[in-house]
>>> print(open('coords_20.cif').read())   # mmCIF, N, CA and C atoms
data_query
loop_
_atom_site.label_atom_id
_atom_site.label_comp_id
_atom_site.auth_asym_id
_atom_site.auth_seq_id
_atom_site.Cartn_x
_atom_site.Cartn_y
_atom_site.Cartn_z
N MET A 2 0.86 -1.18 0.00
CA MET A 2 0.00 0.00 0.00
C MET A 2 0.90 1.24 0.00
N SER A 3 0.56 2.20 -0.83
CA SER A 3 1.36 3.43 -0.91
C SER A 3 1.08 4.33 0.28
N ILE A 4 1.97 5.25 0.54
CA ILE A 4 1.79 6.19 1.65
C ILE A 4 0.52 7.01 1.47
N LEU A 5 0.17 7.35 0.23
CA LEU A 5 -1.06 8.10 0.00
C LEU A 5 -2.29 7.27 0.38
N HIS A 6 -2.27 6.00 0.05
CA HIS A 6 -3.40 5.13 0.42
C HIS A 6 -3.44 4.92 1.93
N GLU A 7 -2.28 4.80 2.56
CA GLU A 7 -2.25 4.68 4.02
C GLU A 7 -2.82 5.94 4.67
N LEU A 8 -2.42 7.10 4.17
CA LEU A 8 -2.92 8.36 4.71
C LEU A 8 -4.43 8.47 4.51
N PHE A 9 -4.91 8.12 3.32
CA PHE A 9 -6.34 8.21 3.07
C PHE A 9 -7.11 7.26 3.99
N ALA A 10 -6.57 6.08 4.23
CA ALA A 10 -7.22 5.13 5.15
C ALA A 10 -7.29 5.72 6.56
N THR A 11 -6.23 6.40 6.97
CA THR A 11 -6.24 7.04 8.29
C THR A 11 -7.29 8.14 8.35
N ILE A 12 -7.38 8.93 7.29
CA ILE A 12 -8.39 10.00 7.23
C ILE A 12 -9.79 9.41 7.33
N GLU A 13 -10.04 8.33 6.58
CA GLU A 13 -11.35 7.68 6.63
C GLU A 13 -11.63 7.13 8.03
N ALA A 14 -10.62 6.59 8.69
CA ALA A 14 -10.81 6.08 10.05
C ALA A 14 -11.15 7.21 11.01
N ARG A 15 -10.46 8.33 10.88
CA ARG A 15 -10.76 9.49 11.74
C ARG A 15 -12.16 10.02 11.47
N LYS A 16 -12.57 9.93 10.22
CA LYS A 16 -13.92 10.40 9.84
C LYS A 16 -14.98 9.59 10.58
N SER A 17 -14.79 8.29 10.66
CA SER A 17 -15.80 7.45 11.31
C SER A 17 -15.63 7.40 12.83
N GLU A 18 -14.40 7.51 13.32
CA GLU A 18 -14.14 7.42 14.75
C GLU A 18 -14.35 8.74 15.48
N GLY A 19 -14.03 9.84 14.79
CA GLY A 19 -14.07 11.14 15.45
C GLY A 19 -12.95 11.25 16.46
N GLY A 20 -13.13 12.09 17.46
CA GLY A 20 -12.12 12.22 18.50
C GLY A 20 -11.59 13.63 18.62
N SER A 21 -11.54 14.10 19.83
CA SER A 21 -11.09 15.48 20.06
C SER A 21 -9.58 15.63 19.97
N ASP A 22 -8.85 14.52 19.96
CA ASP A 22 -7.39 14.61 19.88
C ASP A 22 -6.87 14.46 18.45
N SER A 23 -7.76 14.48 17.48
CA SER A 23 -7.38 14.31 16.07
C SER A 23 -7.71 15.57 15.28
N TRP A 24 -6.68 16.17 14.69
CA TRP A 24 -6.89 17.34 13.83
C TRP A 24 -7.81 16.98 12.67
N THR A 25 -7.60 15.81 12.10
CA THR A 25 -8.42 15.36 10.97
C THR A 25 -9.89 15.27 11.36
N ALA A 26 -10.16 14.64 12.50
CA ALA A 26 -11.55 14.50 12.96
C ALA A 26 -12.17 15.86 13.23
N LYS A 27 -11.40 16.76 13.83
CA LYS A 27 -11.92 18.10 14.12
C LYS A 27 -12.25 18.85 12.83
N LEU A 28 -11.35 18.74 11.85
CA LEU A 28 -11.58 19.41 10.58
C LEU A 28 -12.79 18.84 9.86
N LEU A 29 -12.89 17.53 9.81
CA LEU A 29 -14.04 16.90 9.17
C LEU A 29 -15.35 17.25 9.86
N ALA A 30 -15.31 17.38 11.18
CA ALA A 30 -16.51 17.73 11.93
C ALA A 30 -17.02 19.13 11.59
N LYS A 31 -16.13 19.99 11.08
CA LYS A 31 -16.53 21.35 10.71
C LYS A 31 -17.24 21.40 9.37
N GLY A 32 -17.22 20.29 8.65
CA GLY A 32 -17.96 20.20 7.40
C GLY A 32 -17.12 20.39 6.15
N PRO A 33 -17.68 19.98 5.01
CA PRO A 33 -16.97 20.05 3.73
C PRO A 33 -16.51 21.45 3.35
N GLU A 34 -17.31 22.45 3.70
CA GLU A 34 -16.93 23.82 3.32
C GLU A 34 -15.64 24.24 4.01
N LYS A 35 -15.49 23.91 5.29
CA LYS A 35 -14.27 24.24 6.03
C LYS A 35 -13.09 23.44 5.49
N CYS A 36 -13.34 22.18 5.14
CA CYS A 36 -12.28 21.36 4.55
C CYS A 36 -11.80 21.97 3.24
N ALA A 37 -12.72 22.46 2.42
CA ALA A 37 -12.37 23.09 1.16
C ALA A 37 -11.60 24.39 1.40
N GLU A 38 -12.03 25.16 2.38
CA GLU A 38 -11.34 26.41 2.71
C GLU A 38 -9.90 26.12 3.13
N LYS A 39 -9.70 25.12 3.97
CA LYS A 39 -8.35 24.79 4.44
C LYS A 39 -7.50 24.30 3.28
N PHE A 40 -8.07 23.51 2.38
CA PHE A 40 -7.34 23.06 1.20
C PHE A 40 -6.87 24.27 0.38
N GLY A 41 -7.76 25.23 0.19
CA GLY A 41 -7.41 26.44 -0.56
C GLY A 41 -6.29 27.21 0.09
N GLU A 42 -6.32 27.34 1.40
CA GLU A 42 -5.24 28.03 2.13
C GLU A 42 -3.91 27.34 1.89
N GLU A 43 -3.91 26.03 1.99
CA GLU A 43 -2.67 25.27 1.80
C GLU A 43 -2.18 25.37 0.36
N ALA A 44 -3.09 25.38 -0.60
CA ALA A 44 -2.68 25.51 -2.01
C ALA A 44 -2.01 26.86 -2.24
N ILE A 45 -2.55 27.91 -1.65
CA ILE A 45 -1.94 29.24 -1.79
C ILE A 45 -0.55 29.26 -1.17
N GLU A 46 -0.41 28.62 -0.01
CA GLU A 46 0.91 28.57 0.63
C GLU A 46 1.91 27.83 -0.26
N ALA A 47 1.47 26.78 -0.94
CA ALA A 47 2.35 26.04 -1.85
C ALA A 47 2.75 26.92 -3.04
N ILE A 48 1.80 27.67 -3.54
CA ILE A 48 2.10 28.58 -4.66
C ILE A 48 3.15 29.60 -4.25
N ILE A 49 3.00 30.15 -3.07
CA ILE A 49 3.97 31.15 -2.58
C ILE A 49 5.36 30.54 -2.51
N GLU A 50 5.48 29.33 -1.99
CA GLU A 50 6.79 28.70 -1.89
C GLU A 50 7.35 28.36 -3.27
N ALA A 51 6.50 28.01 -4.20
CA ALA A 51 6.97 27.72 -5.57
C ALA A 51 7.53 28.98 -6.21
N VAL A 52 6.87 30.10 -5.98
CA VAL A 52 7.34 31.38 -6.54
C VAL A 52 8.66 31.78 -5.90
N LYS A 53 8.81 31.51 -4.62
CA LYS A 53 10.05 31.84 -3.90
C LYS A 53 11.21 30.93 -4.31
N ASP A 54 10.89 29.83 -4.95
CA ASP A 54 11.89 28.84 -5.36
C ASP A 54 12.59 28.22 -4.16
N ASP A 55 11.81 27.91 -3.13
CA ASP A 55 12.33 27.26 -1.93
C ASP A 55 11.88 25.81 -1.95
N LYS A 56 12.76 24.94 -2.42
CA LYS A 56 12.41 23.53 -2.63
C LYS A 56 11.96 22.84 -1.35
N ALA A 57 12.66 23.06 -0.25
CA ALA A 57 12.31 22.40 1.02
C ALA A 57 10.94 22.88 1.51
N ALA A 58 10.71 24.18 1.47
CA ALA A 58 9.41 24.71 1.92
C ALA A 58 8.29 24.26 0.98
N LEU A 59 8.56 24.22 -0.32
CA LEU A 59 7.55 23.76 -1.27
C LEU A 59 7.21 22.29 -1.02
N THR A 60 8.21 21.50 -0.73
CA THR A 60 7.98 20.08 -0.43
C THR A 60 7.05 19.92 0.77
N CYS A 61 7.29 20.69 1.83
CA CYS A 61 6.43 20.64 3.02
C CYS A 61 5.02 21.10 2.69
N GLU A 62 4.91 22.18 1.95
CA GLU A 62 3.58 22.69 1.60
C GLU A 62 2.84 21.74 0.66
N ALA A 63 3.58 21.08 -0.23
CA ALA A 63 2.96 20.11 -1.13
C ALA A 63 2.37 18.94 -0.32
N ALA A 64 3.08 18.52 0.71
CA ALA A 64 2.55 17.46 1.59
C ALA A 64 1.27 17.94 2.26
N ASP A 65 1.27 19.20 2.72
CA ASP A 65 0.05 19.75 3.33
C ASP A 65 -1.11 19.79 2.33
N VAL A 66 -0.80 20.18 1.09
CA VAL A 66 -1.83 20.24 0.05
C VAL A 66 -2.42 18.86 -0.20
N LEU A 67 -1.57 17.86 -0.34
CA LEU A 67 -2.07 16.51 -0.59
C LEU A 67 -2.93 16.01 0.57
N TYR A 68 -2.47 16.25 1.80
CA TYR A 68 -3.25 15.84 2.97
C TYR A 68 -4.61 16.54 2.98
N HIS A 69 -4.62 17.85 2.82
CA HIS A 69 -5.88 18.59 2.89
C HIS A 69 -6.79 18.29 1.69
N LEU A 70 -6.22 17.97 0.54
CA LEU A 70 -7.03 17.53 -0.59
C LEU A 70 -7.75 16.23 -0.23
N MET A 71 -7.04 15.31 0.38
CA MET A 71 -7.66 14.05 0.74
C MET A 71 -8.72 14.22 1.83
N VAL A 72 -8.49 15.13 2.76
CA VAL A 72 -9.52 15.41 3.77
C VAL A 72 -10.76 15.98 3.09
N MET A 73 -10.55 16.91 2.15
CA MET A 73 -11.68 17.49 1.43
C MET A 73 -12.43 16.41 0.64
N LEU A 74 -11.70 15.53 -0.02
CA LEU A 74 -12.34 14.43 -0.75
C LEU A 74 -13.16 13.57 0.19
N ALA A 75 -12.57 13.20 1.33
CA ALA A 75 -13.27 12.35 2.29
C ALA A 75 -14.52 13.04 2.82
N SER A 76 -14.46 14.36 2.96
CA SER A 76 -15.62 15.08 3.48
C SER A 76 -16.81 15.01 2.52
N ARG A 77 -16.54 14.75 1.26
CA ARG A 77 -17.59 14.62 0.24
C ARG A 77 -17.73 13.19 -0.27
N ASP A 78 -17.17 12.24 0.47
CA ASP A 78 -17.28 10.81 0.13
C ASP A 78 -16.72 10.48 -1.25
N VAL A 79 -15.63 11.14 -1.61
CA VAL A 79 -14.91 10.81 -2.84
C VAL A 79 -13.64 10.08 -2.40
N SER A 80 -13.43 8.89 -2.91
CA SER A 80 -12.27 8.10 -2.48
C SER A 80 -11.05 8.39 -3.34
N LEU A 81 -9.91 8.04 -2.81
CA LEU A 81 -8.68 8.15 -3.57
C LEU A 81 -8.74 7.23 -4.79
N THR A 82 -9.40 6.10 -4.64
CA THR A 82 -9.58 5.17 -5.76
C THR A 82 -10.41 5.80 -6.86
N ASP A 83 -11.43 6.59 -6.49
CA ASP A 83 -12.23 7.31 -7.49
C ASP A 83 -11.36 8.26 -8.31
N VAL A 84 -10.48 8.97 -7.63
CA VAL A 84 -9.60 9.93 -8.31
C VAL A 84 -8.61 9.19 -9.20
N GLU A 85 -8.07 8.08 -8.70
CA GLU A 85 -7.15 7.28 -9.51
C GLU A 85 -7.85 6.75 -10.77
N ALA A 86 -9.09 6.34 -10.63
CA ALA A 86 -9.84 5.84 -11.79
C ALA A 86 -10.04 6.94 -12.83
N GLU A 87 -10.31 8.15 -12.36
CA GLU A 87 -10.46 9.28 -13.28
C GLU A 87 -9.15 9.58 -14.00
N LEU A 88 -8.05 9.53 -13.26
CA LEU A 88 -6.74 9.74 -13.88
C LEU A 88 -6.43 8.64 -14.90
N ALA A 89 -6.79 7.41 -14.57
CA ALA A 89 -6.55 6.30 -15.49
C ALA A 89 -7.34 6.48 -16.79
N LYS A 90 -8.58 6.99 -16.68
CA LYS A 90 -9.38 7.25 -17.89
C LYS A 90 -8.69 8.28 -18.79
N ARG A 91 -7.99 9.20 -18.18
CA ARG A 91 -7.34 10.28 -18.94
C ARG A 91 -5.95 9.90 -19.46
N SER A 92 -5.42 8.81 -18.97
CA SER A 92 -4.07 8.40 -19.33
C SER A 92 -3.95 8.18 -20.84
N GLY A 93 -2.93 8.76 -21.42
CA GLY A 93 -2.69 8.61 -22.85
C GLY A 93 -3.49 9.55 -23.73
N ILE A 94 -4.27 10.42 -23.09
CA ILE A 94 -5.07 11.40 -23.85
C ILE A 94 -4.46 12.77 -23.64
N SER A 95 -4.31 13.51 -24.70
CA SER A 95 -3.79 14.86 -24.62
C SER A 95 -4.65 15.68 -23.66
N GLY A 96 -4.01 16.47 -22.82
CA GLY A 96 -4.73 17.34 -21.90
C GLY A 96 -5.65 18.29 -22.63
N ILE A 97 -5.24 18.76 -23.77
CA ILE A 97 -6.05 19.68 -24.56
C ILE A 97 -7.30 18.97 -25.07
N VAL A 98 -7.13 17.74 -25.58
CA VAL A 98 -8.24 16.95 -26.09
C VAL A 98 -9.20 16.60 -24.94
N GLU A 99 -8.63 16.16 -23.82
CA GLU A 99 -9.45 15.76 -22.67
C GLU A 99 -10.28 16.92 -22.17
N LYS A 100 -9.68 18.07 -22.03
CA LYS A 100 -10.41 19.24 -21.52
C LYS A 100 -11.51 19.66 -22.49
N ALA A 101 -11.26 19.59 -23.78
CA ALA A 101 -12.26 19.99 -24.79
C ALA A 101 -13.46 19.04 -24.75
N ALA A 102 -13.23 17.79 -24.33
CA ALA A 102 -14.31 16.81 -24.30
C ALA A 102 -15.24 16.98 -23.10
N ARG A 103 -14.82 17.78 -22.12
CA ARG A 103 -15.67 17.96 -20.92
C ARG A 103 -16.83 18.87 -21.19
#
>>> encode(input="coords_20.cif", output="structure tokens")
Amino acid sequence: MSILHELFATIEARKSEGGSDSWTAKLLAKGPEKCAEKFGEEAIEAIIEAVKDDKAALTCEAADVLYHLMVMLASRDVSLTDVEAELAKRSGISGIVEKAAR
């Protein structure tokens, strides 16, 4: 199992278990809108680090973005497997062609 799948499984467990000692559970309890807001904040922080050309800081922010993306997905019952399936459908198709087909 990849680290991303392990992380998503942990997020799903926190979603069902809850708990006041879990940041994930607290965030999920605030609802999908708050999860989306936090994802957006982390994405902006990653953009800032990319512009600064700070590889170490960008790496940390990218990890935050991936984590918060998965929390947001879990808040709307979208699995990592669902996202992988969508990426697989797009594999081998030009991004320009794929976008035009939407």
>>> residues_around(input="coords_20.cif", residues="Leu74 of chain A", least_positions_apart="3", cutoff="12 Å", atoms="only C-alpha atoms", output="number ranges by chain")
A: 9, 12-13, 16, 29, 32-34, 36-37, 40, 67-71, 77-84
>>> closest_residue(input="coords_20.cif", among="A:Ala75, A:Ala101, A:Ile45, A:Val52", to="Thr11 of chain A", atoms="only C-alpha atoms")
A:Ala75
>>> atom_distance(input="coords_20.cif", atom1="atom C of Glu43 of chain A", atom2="atom CA of Ala89 of chain A")
25.2 Å
>>> atom_distance(input="coords_20.cif", atom1="atom C of Lys31 of chain A", atom2="atom C of Ala10 of chain A")
18.8 Å
>>> atom_distance(input="coords_20.cif", atom1="atom CA of Ala51 of chain A", atom2="atom N of Ala63 of chain A")
9.2 Å
>>> residues_around(input="coords_20.cif", residues="Cys61 of chain A", least_positions_apart="5", cutoff="9 Å", atoms="only C-alpha atoms", output="list in words")
Ala47, Lys56 and Val66 of chain A
>>> residues_around(input="coords_20.cif", residues="Ile49 of chain A", least_positions_apart="5", cutoff="8 Å", atoms="all atoms listed in the file", output="PyMOL selection string")
chain A and resi 43-44+54-55+58-59
>>> select_by_dssp(input="coords_20.cif", residues="chain A", states="alpha helix (DSSP H)", output="count of residues only")
82
>>> closest_residue(input="coords_20.cif", among="A:Ala14, A:Ser21, A:Lys35, A:His6", to="Met73 of chain A", atoms="all atoms listed in the file")
A:Lys35
